[in-house]
>>> print(open('entry_3.cif').read())   # mmCIF, C-alpha atoms and all ligand atoms
data_my_file
#
loop_
_atom_site.label_atom_id
_atom_site.label_comp_id
_atom_site.auth_asym_id
_atom_site.auth_seq_id
_atom_site.Cartn_x
_atom_site.Cartn_y
_atom_site.Cartn_z
CA MET G 232 111.06 133.79 42.54
CA ASN G 233 112.02 137.14 40.97
CA VAL G 234 112.34 139.98 43.46
CA VAL G 235 112.55 143.67 42.58
CA ILE G 236 113.64 146.03 45.36
CA LEU G 237 112.62 149.70 45.41
CA GLY G 238 114.37 152.11 47.77
CA SER G 239 115.10 155.79 48.27
CA GLY G 240 117.81 155.79 50.93
CA ARG G 241 120.96 154.15 52.20
CA GLY G 242 119.67 150.67 51.44
CA SER G 243 120.61 148.83 54.63
CA ASN G 244 117.53 146.63 54.30
CA ALA G 245 118.23 145.86 50.65
CA GLU G 246 121.75 145.00 51.79
CA ALA G 247 120.35 142.61 54.40
CA ILE G 248 118.30 140.89 51.69
CA LEU G 249 121.31 140.61 49.38
CA GLN G 250 123.51 139.30 52.20
CA ALA G 251 120.91 136.65 52.96
CA GLN G 252 120.85 135.75 49.27
CA SER G 253 124.68 135.45 49.20
CA ALA G 254 124.52 133.24 52.31
CA GLY G 255 121.92 130.97 50.67
CA GLN G 256 119.28 132.10 53.18
CA LEU G 257 116.73 133.68 50.87
CA GLY G 258 114.86 130.51 49.93
CA CYS G 259 114.26 130.40 46.19
CA ALA G 260 114.08 134.19 45.91
CA THR G 261 116.49 136.03 43.60
CA VAL G 262 116.89 139.79 43.53
CA VAL G 263 116.81 140.70 39.83
CA GLN G 264 116.81 144.50 40.03
CA ILE G 265 117.18 147.42 42.44
CA LEU G 266 115.40 150.64 41.46
CA SER G 267 115.68 154.00 43.18
CA ASP G 268 113.77 157.24 42.78
CA LYS G 269 116.82 159.16 44.07
CA PRO G 270 119.85 159.30 41.74
CA ALA G 271 122.35 159.58 44.63
CA ALA G 272 120.78 157.01 46.96
CA GLY G 273 123.20 154.69 48.75
CA ILE G 274 121.03 151.72 47.77
CA LEU G 275 122.29 152.03 44.17
CA ALA G 276 125.87 151.22 45.24
CA LEU G 277 124.71 147.77 46.30
CA GLY G 278 124.27 146.79 42.67
CA GLU G 279 127.96 146.63 41.94
CA ARG G 280 128.79 145.06 45.30
CA PHE G 281 126.35 142.21 44.88
CA GLY G 282 126.29 141.93 41.09
CA VAL G 283 122.66 142.96 40.76
CA PRO G 284 121.45 145.57 38.24
CA ALA G 285 120.69 148.81 40.07
CA SER G 286 119.43 151.98 38.51
CA PHE G 287 117.75 155.31 39.10
CA LEU G 288 114.35 155.62 37.48
CA ASP G 289 112.82 159.07 37.13
CA PRO G 290 109.63 159.21 39.26
CA GLY G 291 108.51 162.60 37.91
CA PRO G 292 108.47 166.07 39.45
CA PHE G 293 106.90 165.40 42.87
CA LYS G 294 108.74 164.58 46.08
CA THR G 295 106.55 161.94 47.68
CA LYS G 296 104.19 160.77 44.94
CA PHE G 297 104.26 159.78 41.26
CA ASP G 298 102.86 161.76 38.38
CA GLU G 299 101.17 159.72 35.64
CA THR G 300 104.26 159.55 33.41
CA GLY G 301 106.56 158.57 36.27
CA GLU G 302 104.15 155.93 37.42
CA ARG G 303 103.85 154.48 33.91
CA ARG G 304 107.66 154.41 33.67
CA TYR G 305 107.91 152.40 36.91
CA VAL G 306 105.04 150.03 36.09
CA GLU G 307 106.42 149.25 32.62
CA ARG G 308 109.98 148.74 33.85
CA ILE G 309 108.93 146.52 36.75
CA ARG G 310 106.52 144.57 34.55
CA SER G 311 109.36 143.87 32.10
CA LEU G 312 111.21 142.14 34.96
CA ALA G 313 108.34 139.68 35.56
CA PRO G 314 108.53 140.04 39.34
CA ASP G 315 106.90 137.64 41.77
CA LEU G 316 107.58 140.08 44.59
CA VAL G 317 108.19 143.85 44.73
CA VAL G 318 109.85 144.87 48.00
CA LEU G 319 109.59 148.46 49.20
CA ALA G 320 112.72 148.81 51.34
CA GLY G 321 112.68 152.43 52.41
CA PHE G 322 110.88 153.61 49.26
CA MET G 323 109.56 156.97 50.42
CA ARG G 324 106.89 157.54 47.80
CA ILE G 325 103.17 156.86 47.93
CA LEU G 326 101.94 154.37 45.34
CA ARG G 327 98.74 155.12 43.46
CA PRO G 328 96.08 152.45 42.84
CA THR G 329 97.19 151.95 39.20
CA PHE G 330 100.66 150.93 40.42
CA ILE G 331 99.32 148.75 43.21
CA ASP G 332 96.79 147.04 40.90
CA ALA G 333 99.50 146.31 38.31
CA PHE G 334 101.22 144.03 40.86
CA ALA G 335 98.24 143.10 43.00
CA GLY G 336 99.18 141.07 46.06
CA LYS G 337 102.87 141.14 45.14
CA ILE G 338 104.05 144.39 46.75
CA ILE G 339 105.31 144.34 50.33
CA ASN G 340 106.50 147.24 52.47
CA LEU G 341 108.75 147.49 55.51
CA HIS G 342 107.70 149.98 58.17
CA PRO G 343 109.64 150.87 61.35
CA SER G 344 106.84 150.49 63.90
CA LEU G 345 104.36 147.91 65.09
CA LEU G 346 101.51 148.85 62.76
CA PRO G 347 98.78 149.94 63.11
CA SER G 348 100.62 152.12 65.63
CA PHE G 349 102.64 155.01 64.21
CA PRO G 350 101.99 154.91 60.46
CA GLY G 351 103.49 157.59 58.22
CA LEU G 352 106.76 159.45 58.48
CA ASP G 353 109.27 159.31 61.37
CA ALA G 354 107.66 156.25 62.93
CA ILE G 355 110.55 155.61 65.31
CA GLY G 356 110.47 159.24 66.50
CA GLN G 357 106.68 159.03 66.91
CA ALA G 358 107.02 155.93 69.12
CA TRP G 359 109.85 157.51 71.11
CA ARG G 360 107.92 160.74 71.78
CA ARG G 361 104.76 158.80 72.71
CA GLY G 362 106.73 156.96 75.38
CA VAL G 363 105.65 153.44 74.44
CA LYS G 364 107.66 150.64 76.04
CA VAL G 365 107.44 148.30 73.09
CA THR G 366 107.81 149.09 69.40
CA GLY G 367 109.37 147.29 66.45
CA CYS G 368 108.87 146.83 62.74
CA THR G 369 106.29 145.44 60.35
CA VAL G 370 106.24 143.88 56.90
CA HIS G 371 102.85 144.18 55.23
CA TYR G 372 101.20 143.91 51.84
CA VAL G 373 100.72 147.26 50.15
CA THR G 374 97.19 148.46 49.54
CA ALA G 375 95.84 151.90 48.69
CA GLU G 376 95.67 152.70 52.41
CA VAL G 377 99.13 154.01 53.37
CA ASP G 378 100.77 151.59 55.86
CA GLY G 379 97.37 149.89 56.18
CA GLY G 380 97.62 146.62 54.22
CA PRO G 381 97.48 143.09 55.69
CA ILE G 382 100.34 142.42 58.09
CA ILE G 383 102.67 139.55 57.13
CA ASP G 384 105.02 139.60 60.13
CA GLN G 385 106.38 141.85 62.86
CA ALA G 386 109.39 141.99 65.18
CA VAL G 387 109.21 143.49 68.65
CA VAL G 388 111.77 145.88 70.16
CA ARG G 389 111.63 146.85 73.85
CA ILE G 390 112.40 150.43 74.81
CA GLU G 391 114.58 150.26 77.93
CA PRO G 392 115.12 153.12 80.40
CA LYS G 393 118.71 153.50 79.18
CA ASP G 394 117.65 153.90 75.53
CA THR G 395 118.00 157.14 73.60
CA LEU G 396 116.30 157.93 70.30
CA GLU G 397 119.58 157.00 68.59
CA SER G 398 119.92 153.65 70.37
CA LEU G 399 116.25 152.89 69.65
CA GLU G 400 116.79 153.62 65.95
CA LYS G 401 119.70 151.17 65.94
CA LYS G 402 117.61 148.48 67.63
CA VAL G 403 114.68 148.92 65.23
CA HIS G 404 116.98 148.84 62.20
CA ALA G 405 118.68 145.66 63.49
CA ALA G 406 115.24 144.08 63.89
CA GLU G 407 114.32 145.13 60.35
CA HIS G 408 117.51 143.60 58.94
CA ALA G 409 116.49 140.22 60.37
CA LEU G 410 112.75 140.46 59.65
CA LEU G 411 112.68 141.54 56.01
CA PRO G 412 114.97 138.80 54.56
CA ALA G 413 113.13 136.21 56.68
CA VAL G 414 109.78 137.33 55.23
CA VAL G 415 111.12 137.26 51.67
CA ALA G 416 112.49 133.75 52.23
CA ALA G 417 109.19 132.59 53.77
CA LEU G 418 107.15 134.04 50.88
CA SER G 419 109.46 132.35 48.38
CA SER G 420 108.76 128.96 49.90
CA ARG G 421 105.02 129.59 49.43
CA ALA G 422 105.42 130.82 45.82
C1 LIG G 501 113.71 151.68 57.14
O1 LIG G 501 113.80 151.96 58.52
C2 LIG G 501 112.26 151.47 56.74
O2 LIG G 501 111.51 150.84 57.74
C3 LIG G 501 111.81 152.88 56.53
O3 LIG G 501 112.88 153.50 55.86
C4 LIG G 501 114.10 152.92 56.34
C5 LIG G 501 114.98 152.58 55.14
O4 LIG G 501 116.27 152.29 55.54
N1 LIG G 501 110.61 152.94 55.75
C6 LIG G 501 109.59 153.75 56.04
O5 LIG G 501 109.60 154.55 56.95
C7 LIG G 501 108.40 153.59 55.12
N2 LIG G 501 107.24 154.24 55.68
P1 LIG G 501 117.30 151.67 54.51
O6 LIG G 501 117.35 152.58 53.29
O7 LIG G 501 118.60 151.67 55.25
O8 LIG G 501 116.83 150.28 54.18
#
>>> encode(input="entry_3.cif", output="C-alpha cells", more="lines below")
Ligand code: GAR
Amino acid sequence: MNVVILGSGRGSNAEAILQAQSAGQLGCATVVQILSDKPAAGILALGERFGVPASFLDPGPFKTKFDETGERRYVERIRSLAPDLVVLAGFMRILRPTFIDAFAGKIINLHPSLLPSFPGLDAIGQAWRRGVKVTGCTVHYVTAEVDGGPIIDQAVVRIEPKDTLESLEKKVHAAEHALLPAVVAALSSRA
C-alpha cells in the first residue's frame, strides 16, 4: 500500500509513521513520498534519515489554501505516485473539493482534539482554555467540511490538575504518535 505524507511542520507524526515502518509495524504500508508546502519544514529532513524521497512542492501564493495552479501541481504529483493513502500529518492548508475528489476516500487527517470538539486551529489551546477534563486526538477521512469527515479512530488524553498547557501538548502529541501509525497499519490490512 503506497502512502504519501503531506506536512507543513516539524514532522513528528511523519517520523512516528516512518519509525513504525522501520520496526516492521506498519502492516503492508510503505511511505513512498513526503511532500511539504513549506521549504524549510523539519518534516523534509526525515527523507534523508529514513531513505524516503522528500520534497517541497510550491502550493501557490496563499498561506492556508491552494490556488488553482498550486492545487493542480499537488494533484498531478500525488497522482503520479499512485497512492493508496494520502496522510495529512500537520498539513496546515485547506484542501479544495477538486483535490479531495481526485483521491476520494483515500485522504486521512490527524487532528489534535476529540472531534467534533475543537475543530480548526490551536485545538489543544482551545481545549485547555475551555477547561475540559478529557481531550485527545482524532484520525478522520478528509471531506470538504474542515475537520468534519468520518472518524476512523481516536485516542483519549486526560487533563489532570497538575497539567499545564505545555504538558498537555506533550501528552496529546504522544497520543498522536501512537494513534496515527496504528491507523495506517490498520488501513493497510484492509486494503
Ligand atoms: C499535530 O499535532 C497535528 O495534530 C496538527 O499539527 C501537528 C503537526 O505536528 N494538525 C492540525 O492541527 C490540523 N488541523 P508534526 O509536524 O510534529 O507532526
>>> atom_distance(input="entry_3.cif", atom1="atom CA of G:Gly278", atom2="atom CA of G:Ile265")
7.1 Å
>>> closest_residue(input="entry_3.cif", among="G:Ile339, G:Met232, G:Val283, G:Leu352", to="ligand LIG 501 (chain G)", atoms="all atoms listed in the file")
G:Leu352
>>> residues_near_ligand(input="entry_3.cif", ligand="ligand LIG 501 (chain G)", cutoff="9 Å", atoms="only C-alpha atoms and all ligand atoms", output="PDB file with C-alpha atoms, in the frame of the given file")
ATOM      1  CA  GLY G 238     114.370 152.110  47.770  1.00  0.00           C
ATOM      2  CA  SER G 239     115.100 155.790  48.270  1.00  0.00           C
ATOM      3  CA  GLY G 240     117.810 155.790  50.930  1.00  0.00           C
ATOM      4  CA  ARG G 241     120.960 154.150  52.200  1.00  0.00           C
ATOM      5  CA  GLY G 242     119.670 150.670  51.440  1.00  0.00           C
ATOM      6  CA  SER G 243     120.610 148.830  54.630  1.00  0.00           C
ATOM      7  CA  ASN G 244     117.530 146.630  54.300  1.00  0.00           C
ATOM      8  CA  ALA G 245     118.230 145.860  50.650  1.00  0.00           C
ATOM      9  CA  GLU G 246     121.750 145.000  51.790  1.00  0.00           C
ATOM     10  CA  ALA G 247     120.350 142.610  54.400  1.00  0.00           C
ATOM     11  CA  ALA G 272     120.780 157.010  46.960  1.00  0.00           C
ATOM     12  CA  GLY G 273     123.200 154.690  48.750  1.00  0.00           C
ATOM     13  CA  ILE G 274     121.030 151.720  47.770  1.00  0.00           C
ATOM     14  CA  LEU G 319     109.590 148.460  49.200  1.00  0.00           C
ATOM     15  CA  ALA G 320     112.720 148.810  51.340  1.00  0.00           C
ATOM     16  CA  GLY G 321     112.680 152.430  52.410  1.00  0.00           C
ATOM     17  CA  PHE G 322     110.880 153.610  49.260  1.00  0.00           C
ATOM     18  CA  MET G 323     109.560 156.970  50.420  1.00  0.00           C
ATOM     19  CA  ARG G 324     106.890 157.540  47.800  1.00  0.00           C
ATOM     20  CA  ASN G 340     106.500 147.240  52.470  1.00  0.00           C
ATOM     21  CA  LEU G 341     108.750 147.490  55.510  1.00  0.00           C
ATOM     22  CA  HIS G 342     107.700 149.980  58.170  1.00  0.00           C
ATOM     23  CA  PRO G 343     109.640 150.870  61.350  1.00  0.00           C
ATOM     24  CA  SER G 344     106.840 150.490  63.900  1.00  0.00           C
ATOM     25  CA  PRO G 350     101.990 154.910  60.460  1.00  0.00           C
ATOM     26  CA  GLY G 351     103.490 157.590  58.220  1.00  0.00           C
ATOM     27  CA  LEU G 352     106.760 159.450  58.480  1.00  0.00           C
ATOM     28  CA  ASP G 353     109.270 159.310  61.370  1.00  0.00           C
ATOM     29  CA  ALA G 354     107.660 156.250  62.930  1.00  0.00           C
ATOM     30  CA  ILE G 355     110.550 155.610  65.310  1.00  0.00           C
ATOM     31  CA  CYS G 368     108.870 146.830  62.740  1.00  0.00           C
ATOM     32  CA  THR G 369     106.290 145.440  60.350  1.00  0.00           C
ATOM     33  CA  VAL G 370     106.240 143.880  56.900  1.00  0.00           C
ATOM     34  CA  VAL G 377      99.130 154.010  53.370  1.00  0.00           C
ATOM     35  CA  ASP G 378     100.770 151.590  55.860  1.00  0.00           C
ATOM     36  CA  GLU G 400     116.790 153.620  65.950  1.00  0.00           C
ATOM     37  CA  VAL G 403     114.680 148.920  65.230  1.00  0.00           C
ATOM     38  CA  HIS G 404     116.980 148.840  62.200  1.00  0.00           C
ATOM     39  CA  GLU G 407     114.320 145.130  60.350  1.00  0.00           C
ATOM     40  CA  HIS G 408     117.510 143.600  58.940  1.00  0.00           C
TER      41      HIS G 408
END
>>> residues_around(input="entry_3.cif", residues="G:Ser253", least_positions_apart="3", cutoff="12 Å", atoms="all atoms listed in the file", output="mmCIF file with C-alpha atoms, in the frame of the given file")
data_model
loop_
_atom_site.group_PDB
_atom_site.id
_atom_site.type_symbol
_atom_site.label_atom_id
_atom_site.label_comp_id
_atom_site.auth_asym_id
_atom_site.auth_seq_id
_atom_site.Cartn_x
_atom_site.Cartn_y
_atom_site.Cartn_z
ATOM 1 C CA GLU G 246 121.750 145.000 51.790
ATOM 2 C CA ALA G 247 120.350 142.610 54.400
ATOM 3 C CA ILE G 248 118.300 140.890 51.690
ATOM 4 C CA LEU G 249 121.310 140.610 49.380
ATOM 5 C CA GLN G 250 123.510 139.300 52.200
ATOM 6 C CA GLN G 256 119.280 132.100 53.180
ATOM 7 C CA LEU G 257 116.730 133.680 50.870
ATOM 8 C CA GLY G 258 114.860 130.510 49.930
ATOM 9 C CA CYS G 259 114.260 130.400 46.190
ATOM 10 C CA ALA G 260 114.080 134.190 45.910
ATOM 11 C CA THR G 261 116.490 136.030 43.600
ATOM 12 C CA VAL G 262 116.890 139.790 43.530
ATOM 13 C CA ARG G 280 128.790 145.060 45.300
ATOM 14 C CA PHE G 281 126.350 142.210 44.880
ATOM 15 C CA GLY G 282 126.290 141.930 41.090
ATOM 16 C CA VAL G 283 122.660 142.960 40.760
ATOM 17 C CA PRO G 412 114.970 138.800 54.560
#
>>> residues_around(input="entry_3.cif", residues="G:Pro314", least_positions_apart="4", cutoff="9 Å", atoms="all atoms listed in the file", output="count of residues only")
9
>>> residues_near_point(input="entry_3.cif", point="(114.7, 133.7, 65.5)", cutoff="12 Å", atoms="all atoms listed in the file", output="list in words")
Gln385, Ala386, Val387, Ala406, Ala409, Leu410, Ala413 and Val414 of chain G
>>> atom_distance(input="entry_3.cif", atom1="atom CA of G:His371", atom2="atom CA of G:Pro392")
29.4 Å
>>> build_atoms(input="entry_3.cif", residues="stretch 354-372 of chain G", atoms="N, CA and C atoms", output="short mmCIF file (atom, residue, chain, number, x, y, z; two decimals), in the frame of the given file")
data_model
loop_
_atom_site.label_atom_id
_atom_site.label_comp_id
_atom_site.auth_asym_id
_atom_site.auth_seq_id
_atom_site.Cartn_x
_atom_site.Cartn_y
_atom_site.Cartn_z
N ALA G 354 108.38 157.17 62.03
CA ALA G 354 107.66 156.25 62.93
C ALA G 354 108.44 155.98 64.22
N ILE G 355 109.76 155.90 64.10
CA ILE G 355 110.55 155.61 65.31
C ILE G 355 110.48 156.82 66.26
N GLY G 356 110.59 158.01 65.70
CA GLY G 356 110.47 159.24 66.50
C GLY G 356 109.09 159.35 67.13
N GLN G 357 108.05 158.99 66.37
CA GLN G 357 106.68 159.03 66.91
C GLN G 357 106.57 158.12 68.13
N ALA G 358 107.10 156.90 68.01
CA ALA G 358 107.02 155.93 69.12
C ALA G 358 107.81 156.44 70.32
N TRP G 359 108.98 157.00 70.04
CA TRP G 359 109.85 157.51 71.11
C TRP G 359 109.14 158.64 71.88
N ARG G 360 108.57 159.57 71.14
CA ARG G 360 107.92 160.74 71.78
C ARG G 360 106.65 160.32 72.52
N ARG G 361 105.99 159.26 72.06
CA ARG G 361 104.76 158.80 72.71
C ARG G 361 105.06 158.06 74.00
N GLY G 362 106.33 157.62 74.13
CA GLY G 362 106.73 156.96 75.38
C GLY G 362 106.29 155.51 75.49
N VAL G 363 106.02 154.87 74.36
CA VAL G 363 105.65 153.44 74.44
C VAL G 363 106.85 152.64 74.93
N LYS G 364 106.58 151.49 75.50
CA LYS G 364 107.66 150.64 76.04
C LYS G 364 108.05 149.53 75.08
N VAL G 365 107.19 149.32 74.09
CA VAL G 365 107.44 148.30 73.09
C VAL G 365 107.14 148.88 71.71
N THR G 366 108.08 148.74 70.79
CA THR G 366 107.81 149.09 69.40
C THR G 366 108.43 148.02 68.53
N GLY G 367 108.79 148.33 67.28
CA GLY G 367 109.37 147.29 66.45
C GLY G 367 109.23 147.63 64.98
N CYS G 368 109.01 146.61 64.18
CA CYS G 368 108.87 146.83 62.74
C CYS G 368 107.88 145.83 62.15
N THR G 369 107.36 146.20 60.99
CA THR G 369 106.29 145.44 60.35
C THR G 369 106.58 145.26 58.88
N VAL G 370 106.29 144.07 58.36
CA VAL G 370 106.24 143.88 56.90
C VAL G 370 104.79 143.58 56.55
N HIS G 371 104.26 144.34 55.58
CA HIS G 371 102.85 144.18 55.23
C HIS G 371 102.66 144.30 53.72
N TYR G 372 101.57 143.73 53.25
CA TYR G 372 101.20 143.91 51.84
C TYR G 372 100.77 145.35 51.63
#
